[in-house]
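What follows is a set of notes on a single structure, which appears directly below.
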Amino acid sequence: MNRKLKALSVSACAVLVVVALGGMNARAETGGHFVTEAAPAIIKGTEGGNHHLHFAVDGGVAIGCKEDSYVATMGTTTATELNLTPSWSKCSTTTEGGGEFDIEEKGCTIQLTIGKNPTGHNTGHFVCPAGVTGIDIKHPNCTIRVPPQTFTGMAYLKGPENSVTLNSTTVSLTIHHEGGPCIFLGTTHSGTFIGSMVLRATTFSGNPTGLSATG
């Protein structure tokens, strides 16, 4: 898989933290649906071409993950939310020496909810299993934890070949430094989550099926 650069800011340690979170006080938007032409279905989010998600705080340091994926399932043809399971691995900063590092998601998901206006500022949630306080980003110089939280700014547009393009304009993300030199930058930071990915659906047998977002 091609390296996907994600623009971030602050220091290399602080930058890596923003990978999957959102602002804490967003109000959930509901009333709309994700719709597939067949069910059950597997939903996969992919980056590539003009579609890349960018995570940032003030400044600008780029990182890339050689492998990443976002997967959800739908048991019926309509759903008010999608629970994307993210996976990031073989990540590295572009301005540092040293090897690659991984991110421990620990079962946490990105829950996408949809309101009456799919193209508006819809709500998402970073959700973790009971007893899990967030994902750990295993940068060699930092221990960084991403806590569960709610964010807004997710828009769903008609994508190519009966897919959905997710556009994120999320701001006011919260991140925590749990250990290492990064704590000298402060333990709590804010950031943004901006960019896009394409959501596509297939049946469990692997046949493509249409996916749309409705209000």
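So you can find residues: chains in the structure tokens are A, B, ... in the order shown, residues in each start at 1, and ligands are numbered from 1 in order.
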Practice problem: Would you kindly return, as a PyMOL selection string, each protein, DNA or RNA residue with an atom no farther than 8 Å from any atom of Thr73 (chain A), considering only C-alpha atoms and excluding same-chain residues fewer than 2 positions away? | Solution: chain A and resi 40-43+71+75+82-83
Exercise. For Thr85 (chain A), please output as a list of chain:residue names all residues within 8 Å (counting only C-alpha atoms; exclusion window: fewer than 3 positions along the same chain).
Key: A:Ser69, A:Tyr70, A:Val71, A:Ala72, A:Gly107, A:Cys108, A:Thr109, A:Ile110
Go ahead and write the residues just picked, all heavy atoms, as a JSON list (two decimals), in the first residue's frame.
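File produced: result-v4.json:
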[["chain", "number", "residue", "atom", "x", "y", "z"],
["A", 69, "SER", "N", -6.64, 0.90, 7.41],
["A", 69, "SER", "CA", -7.93, 0.44, 6.92],
["A", 69, "SER", "C", -9.03, 0.88, 7.87],
["A", 69, "SER", "O", -8.78, 1.19, 9.04],
["A", 69, "SER", "CB", -7.96, -1.09, 6.76],
["A", 69, "SER", "OG", -7.86, -1.73, 8.02],
["A", 70, "TYR", "N", -10.27, 0.91, 7.35],
["A", 70, "TYR", "CA", -11.46, 1.28, 8.13],
["A", 70, "TYR", "C", -12.57, 0.33, 7.68],
["A", 70, "TYR", "O", -12.94, 0.34, 6.50],
["A", 70, "TYR", "CB", -11.86, 2.73, 7.87],
["A", 70, "TYR", "CG", -10.75, 3.73, 8.04],
["A", 70, "TYR", "CD1", -9.86, 4.00, 6.99],
["A", 70, "TYR", "CD2", -10.58, 4.42, 9.24],
["A", 70, "TYR", "CE1", -8.83, 4.91, 7.14],
["A", 70, "TYR", "CE2", -9.55, 5.35, 9.39],
["A", 70, "TYR", "CZ", -8.69, 5.59, 8.33],
["A", 70, "TYR", "OH", -7.66, 6.51, 8.48],
["A", 71, "VAL", "N", -13.12, -0.48, 8.58],
["A", 71, "VAL", "CA", -14.09, -1.51, 8.20],
["A", 71, "VAL", "C", -15.28, -1.48, 9.14],
["A", 71, "VAL", "O", -15.12, -1.35, 10.36],
["A", 71, "VAL", "CB", -13.44, -2.92, 8.22],
["A", 71, "VAL", "CG1", -14.46, -3.98, 7.81],
["A", 71, "VAL", "CG2", -12.23, -2.97, 7.31],
["A", 72, "ALA", "N", -16.49, -1.61, 8.58],
["A", 72, "ALA", "CA", -17.73, -1.72, 9.35],
["A", 72, "ALA", "C", -18.61, -2.77, 8.70],
["A", 72, "ALA", "O", -18.35, -3.20, 7.57],
["A", 72, "ALA", "CB", -18.45, -0.38, 9.43],
["A", 107, "GLY", "N", -9.48, -2.24, 20.17],
["A", 107, "GLY", "CA", -10.91, -2.45, 19.99],
["A", 107, "GLY", "C", -11.73, -1.18, 19.85],
["A", 107, "GLY", "O", -12.96, -1.25, 19.72],
["A", 108, "CYS", "N", -11.10, -0.02, 19.87],
["A", 108, "CYS", "CA", -11.83, 1.24, 19.73],
["A", 108, "CYS", "C", -12.30, 1.43, 18.29],
["A", 108, "CYS", "O", -11.65, 0.98, 17.35],
["A", 108, "CYS", "CB", -10.96, 2.41, 20.15],
["A", 108, "CYS", "SG", -10.42, 2.36, 21.88],
["A", 109, "THR", "N", -13.43, 2.09, 18.12],
["A", 109, "THR", "CA", -14.00, 2.30, 16.80],
["A", 109, "THR", "C", -14.34, 3.78, 16.59],
["A", 109, "THR", "O", -14.42, 4.56, 17.53],
["A", 109, "THR", "CB", -15.29, 1.47, 16.60],
["A", 109, "THR", "OG1", -16.28, 1.90, 17.55],
["A", 109, "THR", "CG2", -15.02, -0.01, 16.77],
["A", 110, "ILE", "N", -14.53, 4.14, 15.32],
["A", 110, "ILE", "CA", -15.03, 5.46, 14.95],
["A", 110, "ILE", "C", -16.49, 5.29, 14.56],
["A", 110, "ILE", "O", -16.80, 4.71, 13.53],
["A", 110, "ILE", "CB", -14.22, 6.06, 13.79],
["A", 110, "ILE", "CG1", -12.73, 6.14, 14.14],
["A", 110, "ILE", "CG2", -14.75, 7.45, 13.45],
["A", 110, "ILE", "CD1", -11.86, 6.54, 12.97]]
Quiz item: What gap, in Å, lies between CA of Pro148 (chain A) and CA of His33 (chain A)?
Solution: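 CA of His33 (chain A) lies at a distance of 23.3 Å from CA of Pro148 (chain A).
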Exercise. Can you work out the spacing between CA of Ala201 (chain A) and CA of Ala79 (chain A) in Å, to one decimal?
Key: 13.1 Å
Self-check item: Lys106 (chain A) environment, 8 Å, only C-alpha atoms, sequence neighbours closer than 5 positions dropped, as number ranges by chain
Solution: A: 128, 132, 134-135
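Nearest-residue note for His189 (chain A): choosing from A:Thr174, A:Ser205, A:Thr76, A:Asn122, the minimum distance belongs to A:Thr174, counting only C-alpha atoms.
Residue nearest Val171 (chain A), chosen from A:Leu199, A:Ile194, A:Ile114, A:Ala155 and counting only C-alpha atoms: A:Ile194.
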Quiz prompt | Minimum-distance residue to Glu47 (chain A), chosen among A:Thr169, A:Ser190, A:Ser196, A:Asn141 (using only C-alpha atoms) | solution =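 That would be A:Ser196, the residue with the smallest distance to Glu47 (chain A).
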Quiz item: For Asp102 (chain A), which residue among A:Met74, A:Ile175, A:Ile137, A:Val127 is the nearest when counting only C-alpha atoms?
Solution: A:Ile137
Practice problem: Find, counting only C-alpha atoms, the residue in A:Thr187, A:Pro86, A:Glu104, A:Gly215 that gets nearest to Thr30 (chain A). | Solution: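 Nearest to Thr30 (chain A): A:Gly215.
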Practice problem: Using backbone DSSP assignments, extract all strand (DSSP E) residues from region 70-208 of chain A; output them as a count of residues only. | Solution: 83
